[in-house]
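*Asks:* Handing you this structure, nothing more for now.
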Amino acid sequence: MTTTPLAVRADRAWWRVPQRHVPVLATFVLLLVMYGVGVAQYRAFSNIQVIFNIFIDNGFLLVVAVGMTFVILTGGIDLSVGSVVAMTAMVSASLLRDGMNPALVLVIALLIGPVLGFAMGCVIHYFDIQPFIVTLAGMFFARGMCTWISSTSIPITDGFWTSAAQERIRLGENFVSVSVLIALAVVAVAAFALAYTRLGRNVYAIGGNPQSALLMGLPVGRTKIAVYTISGLCSAIGGILLSFYTLSGAPLIAIGMELDVIAAVVIGGTLLTGGSGYVFGTVLGVLVLGVIQTLITFDGSLSSWWTKIVIGALLFAFILLQRLVGIRKK
Amino acid sequence: MSQRHPVLTMTAISKHFPGVRALDGVDFRLFPGEVHALMGENGAGKSTLIKVLTGVYGTDAGTITLDGTQVSFTGPMQAAAAGVSTVYQEVNLCTNLSVAENIFIGREPRRGGAINWRQMRRQAQEALARLDLHIDVSELLGSYSLAVQQMVAIARAVDVQARVLILDEPTSSLDADEVAQLLRIMRQLRDQGIAILFVTHFLDQVYGIADRITVLRNGRLVGEYLTADLPQLALVEKMIGKELDALEQLDSEAGKDPARVAEGSPLVEADGLGRSGAVAPFSLTIHAGEVVGMAGLLGSGRTEVARLFFGADRADKGQLVVDGKPVAIRNPIAAIDRDIAFCSENRRTEGLIGELSVRENIILAMQAARGWLRPVPRRKQDELVQRWIEALSIRPADPERPVRNLSGGNQQKVLLARWLITEPRLLILDEPTRGIDIGAKTEIQRLVAQLSDGGMAVLFISAELEEVLRLSHKVAVMRDRQLVAQLTNDESLDADRVMRAIASGARQEGLEKA
């Protein structure tokens, strides 16, 4: 038998999962198991509204996590998201209090995040500084701006905001909020962008090997700046959704949210080193966090800190899983 | 022929780096439908010339003309768009993307703004079929061998309607069959009228395919020649700039005497050592002062054997015996404790730390052996480093220069110096001469001969049979992750016999299993 030098891999059996899908699949199985536990334990858990509520309660988190997915796929990190969410809500609340036209407020609030993200992206790219430290600076800056605007919470009474907050979109016997639709739209756009646009594919290439991406002639700098801008935009949208949800702007809201977001993205199967992951995984990651919270609420006797403990354990497990998949590949 | 015009002309190109004159008034031209070999020792300026051409670096002086118009590319993408594509020595693709994407990223076929994946896969399949490669293009690139990745890189380069294709040492990690396939593809592309700039260290390949040769030395142009007019020896002389019969000299110098070294008890002995999935159990002895050559094709398990000796991988079968005592070498530190040193094949990724200086890189292993609490005094460092820079003639002879600024051959010498400084008793060299020029190669070969004369045992792994035969007292032949033969290097052993052992190992597996 002559062996050809360029051995061709045998055709994969249809039921074998490609290795790159393993983490997402693991998250999906985990989600099903946790949901199954909930349904088995609590009768009310099987109500479809429970799932809708998870989306309602975590819509803003989902949007921010989608932006973070872009950043992490390039191998970067964005620590500023929680502060930008808070700042967007604060700016909206204070401008509305001053009686500005709500449409104009929306435009201004949605511009703050991307502008800051763009600025951080430029610093990261042109000065070749670690994203960790640049976005840490952004985080402090945005949080500081919040308290500068007001050291106390500002309630929102504007008609547009309150109607957006209270509008229930009926789906049969159940309902979702406007925020859920917006979040799902963001997810759809992001998933399309990552899979079907050059920008999206460049994001993966840079996360895989920035040096190669440069030599293949891809616009590395532009793409890096773009992902931080996208993350900023997602944070701004998240901030608006949060202000719909709480109908206020508070200087100390969403503290530590960036860490929840990173956890959701990683549990959703995106490699922290970049180059591998899906928006769909991030949706699953957010849902996992939501189901944990719901389970703990249903139990009633557990302190909410259990959410953090479980998330911590899961994060460990998923980082180990990623490592194992990576080792097997070699 | 005289009617033809060069597709590309570079005139009086100069490029300086801090402290280095990388290119000094170099002229270069490329004709369509020709393979033009760019030759020179490491540090001659080949890589710099290519990087200047493709816009990775700017020029300090000189002009580049493509099809009669002066150009100045700002980067590889712009160069590629103008028809100048490059395939680099290390495959510069993204292993986390599919094969199809690696060929098309940056210029994916689109329909209505969205990437048309189906069309992209089809076109990728076609592009690879033209290179006789039939693989699943939707698989990740990382799941294929380095050779396949290299072919994919070439497919990407020629698919952009390239008129000039630059191949920067594309063959250095391929085995013989793969090289033959690559050369066939190059001929095919040349016949289509593409001008190919070919950089390689393999003279056989140059004489097998190049129509024209340009030689650089120390950043200066030596000359441009038709291959037919330039005998091999003359080429080597022009590259090195001195009469070179050092290689022949070495043969007589070495004075190999297999009987001498095989006396006494072995220094290191592998007894049924193996690791499932990597190397089948094998037995091999290495005596003090003995050079054991390791021959075999790429992927035959040569490196895996070396890694077992060094404890870089853990053996799950058999026993390693050092100085007659069974030892368990679980990690490199245990190996270093027993005076075993290992220069790995991938000097960039596994050996040297590019940002650190020559001095720091050389001192590293010695410092590790002493433990971090007992730093090597700076005076002693300087003294040792200076001695080894001189002994191995590392260029430039500046201990404080970051290693990444050195050429491949000099990086290899730095790596060697790092281990020699620890005075090992067994030195494992994995492809120490790969991708480096003849001058440096000769120096390293001579050094190995000297070290073994001085009593050091050497396990010498190389894809070049000639080199293995020249240096070794004993040749161990690997085939399909098995040690299939051990041949004593006496007068009767020649490249033919070793090759037969490599080839027959598979067919008579049952008979020849060592």
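By convention here, the chains of the structure tokens are called A, B, ... in the order presented, each chain's residues are numbered starting at 1, and ligands are numbered starting at 1 in the order presented.
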Residues of chain B within 9 Å of chain A, counting only C-alpha atoms - could you list those as an MDAnalysis selection string?

*Replies:* chainID B and resid 56 75:78 80 86 91:97 101:102 105:108 110 113:117 133:136 139:140 142:145 147:148 175 177:178

*Asks:* With DSSP run on the backbone, what are the strand (DSSP E) residues within region 138-209 of chain A? I'd like them as a list of chain:residue names.

*Replies:*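 Residues of region 138-209 of chain A classed as strand (DSSP E): A:Ile154, A:Pro155, A:Arg168, A:Ile169, A:Arg170, A:Leu171, A:Asn174, A:Phe175, A:Val176, A:Ser177.
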
*Asks:* How about saving the chosen residues, N, CA and C atoms kept, as a PDB file, in the first residue's frame?

*Replies:*
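As written to disk, again.pdb reads:
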```pdb
ATOM      1  N   ILE A 154     -31.486  58.997  39.980  1.00  0.00           N
ATOM      2  CA  ILE A 154     -32.420  59.923  39.333  1.00  0.00           C
ATOM      3  C   ILE A 154     -33.571  59.091  38.755  1.00  0.00           C
ATOM      4  N   PRO A 155     -34.790  59.319  39.209  1.00  0.00           N
ATOM      5  CA  PRO A 155     -35.912  58.553  38.650  1.00  0.00           C
ATOM      6  C   PRO A 155     -36.273  59.051  37.248  1.00  0.00           C
ATOM      7  N   ARG A 168     -46.251  45.331  27.376  1.00  0.00           N
ATOM      8  CA  ARG A 168     -46.114  43.874  27.360  1.00  0.00           C
ATOM      9  C   ARG A 168     -46.519  43.370  25.985  1.00  0.00           C
ATOM     10  N   ILE A 169     -45.589  42.675  25.362  1.00  0.00           N
ATOM     11  CA  ILE A 169     -45.899  42.118  24.053  1.00  0.00           C
ATOM     12  C   ILE A 169     -46.411  40.708  24.265  1.00  0.00           C
ATOM     13  N   ARG A 170     -47.678  40.493  23.932  1.00  0.00           N
ATOM     14  CA  ARG A 170     -48.311  39.221  24.266  1.00  0.00           C
ATOM     15  C   ARG A 170     -47.919  38.139  23.268  1.00  0.00           C
ATOM     16  N   LEU A 171     -47.612  36.990  23.806  1.00  0.00           N
ATOM     17  CA  LEU A 171     -47.362  35.809  22.976  1.00  0.00           C
ATOM     18  C   LEU A 171     -48.263  34.722  23.536  1.00  0.00           C
ATOM     19  N   ASN A 174     -48.676  34.336  27.330  1.00  0.00           N
ATOM     20  CA  ASN A 174     -47.520  34.894  28.003  1.00  0.00           C
ATOM     21  C   ASN A 174     -47.112  36.205  27.351  1.00  0.00           C
ATOM     22  N   PHE A 175     -46.047  36.787  27.887  1.00  0.00           N
ATOM     23  CA  PHE A 175     -45.631  38.080  27.348  1.00  0.00           C
ATOM     24  C   PHE A 175     -44.128  38.259  27.512  1.00  0.00           C
ATOM     25  N   VAL A 176     -43.593  39.140  26.675  1.00  0.00           N
ATOM     26  CA  VAL A 176     -42.211  39.587  26.857  1.00  0.00           C
ATOM     27  C   VAL A 176     -42.217  41.114  26.834  1.00  0.00           C
ATOM     28  N   SER A 177     -41.040  41.697  27.158  1.00  0.00           N
ATOM     29  CA  SER A 177     -40.957  43.165  27.154  1.00  0.00           C
ATOM     30  C   SER A 177     -40.312  43.625  25.848  1.00  0.00           C
TER      31      SER A 177
END
```

*Asks:* Residues near Thr69 (chain B), anyone? I mean within 10 Å using only C-alpha atoms, not counting same-chain ones fewer than 4 positions away, as a PyMOL selection string.

*Replies:* chain B and resi 8-9+64-65

*Asks:* Neighbours of Asp260 (chain A) within 9 Å (only C-alpha atoms; same-chain residues fewer than 3 positions away dropped), as a list in words?

*Replies:* Leu61, Ala65, Gly256, Met257, Ala263, Ala264, Val265, Val286, Leu289 and Ile311 of chain A

*Asks:* Those residues you just picked out, can you put them in a file as a PDB file, in the first residue's frame with all heavy atoms?

*Replies:*
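Written file, selection_37.pdb:
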```
ATOM      1  N   LEU A  61     -28.157  42.326  30.011  1.00  0.00           N
ATOM      2  CA  LEU A  61     -26.927  41.540  30.165  1.00  0.00           C
ATOM      3  C   LEU A  61     -26.585  40.845  28.846  1.00  0.00           C
ATOM      4  O   LEU A  61     -25.420  40.803  28.421  1.00  0.00           O
ATOM      5  CB  LEU A  61     -27.134  40.486  31.267  1.00  0.00           C
ATOM      6  CG  LEU A  61     -25.897  39.697  31.685  1.00  0.00           C
ATOM      7  CD1 LEU A  61     -24.979  40.550  32.533  1.00  0.00           C
ATOM      8  CD2 LEU A  61     -26.283  38.442  32.446  1.00  0.00           C
ATOM      9  N   ALA A  65     -23.254  41.231  26.680  1.00  0.00           N
ATOM     10  CA  ALA A  65     -22.442  40.015  26.478  1.00  0.00           C
ATOM     11  C   ALA A  65     -22.163  39.791  24.997  1.00  0.00           C
ATOM     12  O   ALA A  65     -21.092  39.293  24.635  1.00  0.00           O
ATOM     13  CB  ALA A  65     -23.148  38.805  27.078  1.00  0.00           C
ATOM     14  N   GLY A 256     -19.539  45.693  38.843  1.00  0.00           N
ATOM     15  CA  GLY A 256     -19.133  44.294  38.734  1.00  0.00           C
ATOM     16  C   GLY A 256     -19.844  43.545  37.621  1.00  0.00           C
ATOM     17  O   GLY A 256     -19.625  42.356  37.431  1.00  0.00           O
ATOM     18  N   MET A 257     -20.695  44.252  36.880  1.00  0.00           N
ATOM     19  CA  MET A 257     -21.420  43.592  35.807  1.00  0.00           C
ATOM     20  C   MET A 257     -20.475  43.036  34.739  1.00  0.00           C
ATOM     21  O   MET A 257     -20.735  41.985  34.148  1.00  0.00           O
ATOM     22  CB  MET A 257     -22.377  44.598  35.172  1.00  0.00           C
ATOM     23  CG  MET A 257     -23.198  44.007  34.058  1.00  0.00           C
ATOM     24  SD  MET A 257     -24.029  45.333  33.185  1.00  0.00           S
ATOM     25  CE  MET A 257     -24.718  44.430  31.828  1.00  0.00           C
ATOM     26  N   ALA A 263     -18.081  36.129  32.420  1.00  0.00           N
ATOM     27  CA  ALA A 263     -18.421  34.763  32.819  1.00  0.00           C
ATOM     28  C   ALA A 263     -19.418  34.158  31.836  1.00  0.00           C
ATOM     29  O   ALA A 263     -19.250  33.014  31.386  1.00  0.00           O
ATOM     30  CB  ALA A 263     -18.994  34.752  34.230  1.00  0.00           C
ATOM     31  N   ALA A 264     -20.448  34.930  31.457  1.00  0.00           N
ATOM     32  CA  ALA A 264     -21.454  34.413  30.538  1.00  0.00           C
ATOM     33  C   ALA A 264     -20.824  34.047  29.200  1.00  0.00           C
ATOM     34  O   ALA A 264     -21.115  32.984  28.630  1.00  0.00           O
ATOM     35  CB  ALA A 264     -22.557  35.449  30.341  1.00  0.00           C
ATOM     36  N   VAL A 265     -19.944  34.899  28.700  1.00  0.00           N
ATOM     37  CA  VAL A 265     -19.315  34.646  27.404  1.00  0.00           C
ATOM     38  C   VAL A 265     -18.447  33.386  27.463  1.00  0.00           C
ATOM     39  O   VAL A 265     -18.493  32.541  26.567  1.00  0.00           O
ATOM     40  CB  VAL A 265     -18.472  35.869  26.962  1.00  0.00           C
ATOM     41  CG1 VAL A 265     -17.674  35.546  25.703  1.00  0.00           C
ATOM     42  CG2 VAL A 265     -19.370  37.067  26.724  1.00  0.00           C
ATOM     43  N   VAL A 286     -25.687  33.331  28.966  1.00  0.00           N
ATOM     44  CA  VAL A 286     -26.549  34.256  29.718  1.00  0.00           C
ATOM     45  C   VAL A 286     -27.734  33.491  30.304  1.00  0.00           C
ATOM     46  O   VAL A 286     -28.124  33.706  31.465  1.00  0.00           O
ATOM     47  CB  VAL A 286     -27.025  35.408  28.812  1.00  0.00           C
ATOM     48  CG1 VAL A 286     -28.102  36.232  29.499  1.00  0.00           C
ATOM     49  CG2 VAL A 286     -25.848  36.291  28.415  1.00  0.00           C
ATOM     50  N   LEU A 289     -26.778  31.661  33.445  1.00  0.00           N
ATOM     51  CA  LEU A 289     -26.776  32.556  34.609  1.00  0.00           C
ATOM     52  C   LEU A 289     -28.207  32.834  35.056  1.00  0.00           C
ATOM     53  O   LEU A 289     -28.518  32.818  36.254  1.00  0.00           O
ATOM     54  CB  LEU A 289     -26.089  33.887  34.271  1.00  0.00           C
ATOM     55  CG  LEU A 289     -24.622  33.858  33.866  1.00  0.00           C
ATOM     56  CD1 LEU A 289     -24.027  35.256  33.961  1.00  0.00           C
ATOM     57  CD2 LEU A 289     -23.832  32.907  34.736  1.00  0.00           C
ATOM     58  N   ILE A 311     -21.823  30.193  39.789  1.00  0.00           N
ATOM     59  CA  ILE A 311     -21.167  30.737  38.592  1.00  0.00           C
ATOM     60  C   ILE A 311     -19.663  30.500  38.667  1.00  0.00           C
ATOM     61  O   ILE A 311     -19.027  30.097  37.692  1.00  0.00           O
ATOM     62  CB  ILE A 311     -21.457  32.248  38.438  1.00  0.00           C
ATOM     63  CG1 ILE A 311     -22.924  32.444  38.098  1.00  0.00           C
ATOM     64  CG2 ILE A 311     -20.584  32.858  37.351  1.00  0.00           C
ATOM     65  CD1 ILE A 311     -23.359  33.892  38.083  1.00  0.00           C
TER      66      ILE A 311
END
```

*Asks:* Write out as a PyMOL selection string each polymer residue whose atoms come within 12 Å of Met239 (chain B), counting only C-alpha atoms; drop sequence neighbours fewer than 3 positions from it.

*Replies:* chain B and resi 38-46+201+203+213-224+232-236+242-244+437-440

*Asks:* Which residues come within 8 Å of region 231-244 of chain A, counting only C-alpha atoms, excluding same-chain residues fewer than 6 positions away, as a PyMOL selection string?

*Replies:* chain A and resi 59-61+63-64+66-68+70-71+78+81-82+84-89+92-93+106+109-118+161-162+164-165+179

*Asks:* Give me, as a PyMOL selection string, all polymer residues having an atom no more than 7 Å from region 207-212 of chain B, counting only C-alpha atoms and skipping those fewer than 3 positions away in the same chain.

*Replies:* chain B and resi 34-37+203-204+225-227

*Asks:* Just the selected residues (N, CA, C and O atoms), exported as a PDB file, in the first residue's frame, please.

*Replies:*
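Heads up, here's the output in selection-v2.pdb:
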```
ATOM      1  N   GLU B  34       9.648  32.568 -15.094  1.00  0.00           N
ATOM      2  CA  GLU B  34      10.943  32.073 -14.631  1.00  0.00           C
ATOM      3  C   GLU B  34      10.923  31.833 -13.137  1.00  0.00           C
ATOM      4  O   GLU B  34      10.244  32.546 -12.395  1.00  0.00           O
ATOM      5  N   VAL B  35      11.685  30.838 -12.721  1.00  0.00           N
ATOM      6  CA  VAL B  35      11.918  30.670 -11.288  1.00  0.00           C
ATOM      7  C   VAL B  35      13.285  31.274 -10.991  1.00  0.00           C
ATOM      8  O   VAL B  35      14.284  30.900 -11.606  1.00  0.00           O
ATOM      9  N   HIS B  36      13.293  32.228 -10.102  1.00  0.00           N
ATOM     10  CA  HIS B  36      14.519  32.955  -9.790  1.00  0.00           C
ATOM     11  C   HIS B  36      14.879  32.680  -8.328  1.00  0.00           C
ATOM     12  O   HIS B  36      14.138  33.046  -7.430  1.00  0.00           O
ATOM     13  N   ALA B  37      15.994  31.994  -8.138  1.00  0.00           N
ATOM     14  CA  ALA B  37      16.393  31.671  -6.772  1.00  0.00           C
ATOM     15  C   ALA B  37      17.177  32.829  -6.166  1.00  0.00           C
ATOM     16  O   ALA B  37      18.073  33.370  -6.807  1.00  0.00           O
ATOM     17  N   LEU B 203      20.394  23.261  -2.157  1.00  0.00           N
ATOM     18  CA  LEU B 203      20.995  23.487  -3.464  1.00  0.00           C
ATOM     19  C   LEU B 203      20.364  22.593  -4.525  1.00  0.00           C
ATOM     20  O   LEU B 203      20.160  23.006  -5.659  1.00  0.00           O
ATOM     21  N   ASP B 204      20.019  21.363  -4.126  1.00  0.00           N
ATOM     22  CA  ASP B 204      19.409  20.439  -5.086  1.00  0.00           C
ATOM     23  C   ASP B 204      18.160  21.049  -5.693  1.00  0.00           C
ATOM     24  O   ASP B 204      17.911  20.944  -6.889  1.00  0.00           O
ATOM     25  N   TYR B 225      23.026  35.351 -12.058  1.00  0.00           N
ATOM     26  CA  TYR B 225      23.572  34.357 -12.979  1.00  0.00           C
ATOM     27  C   TYR B 225      22.459  33.487 -13.527  1.00  0.00           C
ATOM     28  O   TYR B 225      21.435  33.282 -12.862  1.00  0.00           O
ATOM     29  N   LEU B 226      22.673  32.946 -14.740  1.00  0.00           N
ATOM     30  CA  LEU B 226      21.795  31.878 -15.212  1.00  0.00           C
ATOM     31  C   LEU B 226      22.250  30.601 -14.535  1.00  0.00           C
ATOM     32  O   LEU B 226      23.446  30.350 -14.405  1.00  0.00           O
ATOM     33  N   THR B 227      21.309  29.793 -14.097  1.00  0.00           N
ATOM     34  CA  THR B 227      21.664  28.584 -13.366  1.00  0.00           C
ATOM     35  C   THR B 227      22.604  27.710 -14.178  1.00  0.00           C
ATOM     36  O   THR B 227      23.552  27.131 -13.654  1.00  0.00           O
TER      37      THR B 227
END
```

*Asks:* What's the separation between CA of Arg143 (chain A) and CA of Gly121 (chain A), in Å to one decimal place?

*Replies:*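 Spanning CA of Arg143 (chain A) to CA of Gly121 (chain A) is a straight-line distance of 18.5 Å.
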
*Asks:* Hey, which of B:Leu165, B:Ala176, B:Ala270, B:Ala82 ends up closest to Leu189 (chain B)? Count only C-alpha atoms.

*Replies:*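 Answer, going by the shortest atom-to-atom distance: B:Leu165.
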
*Asks:* Could you check the closest approach to Val123 (chain A) for each of A:Val325, A:Ser80, A:Ile225, A:Ile253 and tell me which residue wins, using only C-alpha atoms?

*Replies:*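 Smallest separation from Val123 (chain A) among the options: A:Ile225.
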
*Asks:* How far is it from CA of Leu415 (chain B) to CA of Thr442 (chain B), in Å with one decimal?

*Replies:*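 Computing it gives 16.4 Å between the two atoms.
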
*Asks:* Can you work out the spacing between CA of Arg130 (chain B) and CA of Tyr88 (chain B) in Å, to one decimal?

*Replies:*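 Going from CA of Arg130 (chain B) over to CA of Tyr88 (chain B) covers 20.5 Å.
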
*Asks:* Check the DSSP output for the backbone and give back, as a ChimeraX atom specification, the residues of region 150-222 of chain B in helix (DSSP H, G or I).

*Replies:* /B:150-159,176-191,203-209

*Asks:* Save the residues we just selected, N, CA and C atoms, as a CSV table (one decimal), in the first residue's frame?

*Replies:*
```
chain,number,residue,atom,x,y,z
B,150,GLN,N,1.1,24.4,4.2
B,150,GLN,CA,1.9,25.1,3.3
B,150,GLN,C,1.3,25.2,1.9
B,151,MET,N,0.7,24.1,1.5
B,151,MET,CA,0.0,24.0,0.2
B,151,MET,C,-1.1,25.0,0.2
B,152,VAL,N,-1.9,25.1,1.3
B,152,VAL,CA,-3.0,26.0,1.4
B,152,VAL,C,-2.5,27.4,1.2
B,153,ALA,N,-1.4,27.7,1.9
B,153,ALA,CA,-0.8,29.0,1.8
B,153,ALA,C,-0.5,29.4,0.3
B,154,ILE,N,0.1,28.4,-0.4
B,154,ILE,CA,0.4,28.6,-1.8
B,154,ILE,C,-0.9,28.8,-2.6
B,155,ALA,N,-1.9,28.0,-2.3
B,155,ALA,CA,-3.2,28.2,-3.0
B,155,ALA,C,-3.7,29.6,-2.8
B,156,ARG,N,-3.6,30.0,-1.6
B,156,ARG,CA,-4.1,31.4,-1.3
B,156,ARG,C,-3.3,32.4,-2.1
B,157,ALA,N,-2.0,32.2,-2.1
B,157,ALA,CA,-1.1,33.2,-2.8
B,157,ALA,C,-1.4,33.2,-4.3
B,158,VAL,N,-1.5,32.1,-5.0
B,158,VAL,CA,-1.7,32.1,-6.4
B,158,VAL,C,-3.1,32.4,-6.8
B,159,ASP,N,-4.0,32.3,-5.9
B,159,ASP,CA,-5.4,32.5,-6.3
B,159,ASP,C,-5.8,34.0,-6.5
B,176,ALA,N,10.5,14.6,1.4
B,176,ALA,CA,10.9,14.5,0.0
B,176,ALA,C,9.8,14.5,-0.9
B,177,ASP,N,8.8,13.7,-0.6
B,177,ASP,CA,7.6,13.5,-1.5
B,177,ASP,C,6.9,14.9,-1.6
B,178,GLU,N,6.8,15.5,-0.5
B,178,GLU,CA,6.0,16.8,-0.5
B,178,GLU,C,6.8,17.9,-1.2
B,179,VAL,N,8.2,17.8,-1.1
B,179,VAL,CA,9.0,18.8,-1.9
B,179,VAL,C,8.8,18.6,-3.3
B,180,ALA,N,8.8,17.3,-3.8
B,180,ALA,CA,8.6,17.0,-5.2
B,180,ALA,C,7.3,17.5,-5.7
B,181,GLN,N,6.3,17.4,-4.9
B,181,GLN,CA,5.0,17.9,-5.3
B,181,GLN,C,5.0,19.4,-5.4
B,182,LEU,N,5.7,20.0,-4.4
B,182,LEU,CA,5.7,21.5,-4.4
B,182,LEU,C,6.5,22.0,-5.7
B,183,LEU,N,7.6,21.3,-6.0
B,183,LEU,CA,8.4,21.7,-7.2
B,183,LEU,C,7.6,21.6,-8.4
B,184,ARG,N,6.8,20.5,-8.5
B,184,ARG,CA,5.9,20.3,-9.6
B,184,ARG,C,4.9,21.4,-9.8
B,185,ILE,N,4.3,21.8,-8.7
B,185,ILE,CA,3.4,22.9,-8.7
B,185,ILE,C,4.1,24.2,-9.1
B,186,MET,N,5.3,24.4,-8.7
B,186,MET,CA,6.1,25.6,-9.1
B,186,MET,C,6.3,25.6,-10.6
B,187,ARG,N,6.6,24.4,-11.2
B,187,ARG,CA,6.8,24.4,-12.6
B,187,ARG,C,5.6,24.7,-13.3
B,188,GLN,N,4.5,24.2,-12.8
B,188,GLN,CA,3.2,24.4,-13.4
B,188,GLN,C,2.9,25.9,-13.4
B,189,LEU,N,3.1,26.6,-12.3
B,189,LEU,CA,2.8,28.0,-12.2
B,189,LEU,C,3.7,28.8,-13.1
B,190,ARG,N,5.0,28.4,-13.1
B,190,ARG,CA,6.0,29.1,-14.0
B,190,ARG,C,5.5,29.0,-15.5
B,191,ASP,N,5.0,27.8,-15.9
B,191,ASP,CA,4.6,27.6,-17.2
B,191,ASP,C,3.4,28.5,-17.6
B,203,LEU,N,20.4,23.3,-2.2
B,203,LEU,CA,21.0,23.5,-3.5
B,203,LEU,C,20.4,22.6,-4.5
B,204,ASP,N,20.0,21.4,-4.1
B,204,ASP,CA,19.4,20.4,-5.1
B,204,ASP,C,18.2,21.0,-5.7
B,205,GLN,N,17.4,21.7,-4.8
B,205,GLN,CA,16.1,22.2,-5.3
B,205,GLN,C,16.4,23.4,-6.2
B,206,VAL,N,17.4,24.2,-5.9
B,206,VAL,CA,17.7,25.3,-6.8
B,206,VAL,C,18.1,24.8,-8.1
B,207,TYR,N,19.0,23.8,-8.2
B,207,TYR,CA,19.4,23.3,-9.5
B,207,TYR,C,18.4,22.5,-10.2
B,208,GLY,N,17.4,22.0,-9.4
B,208,GLY,CA,16.3,21.3,-10.0
B,208,GLY,C,15.3,22.2,-10.7
B,209,ILE,N,15.2,23.4,-10.2
B,209,ILE,CA,14.0,24.2,-10.7
B,209,ILE,C,14.4,25.6,-11.2
```
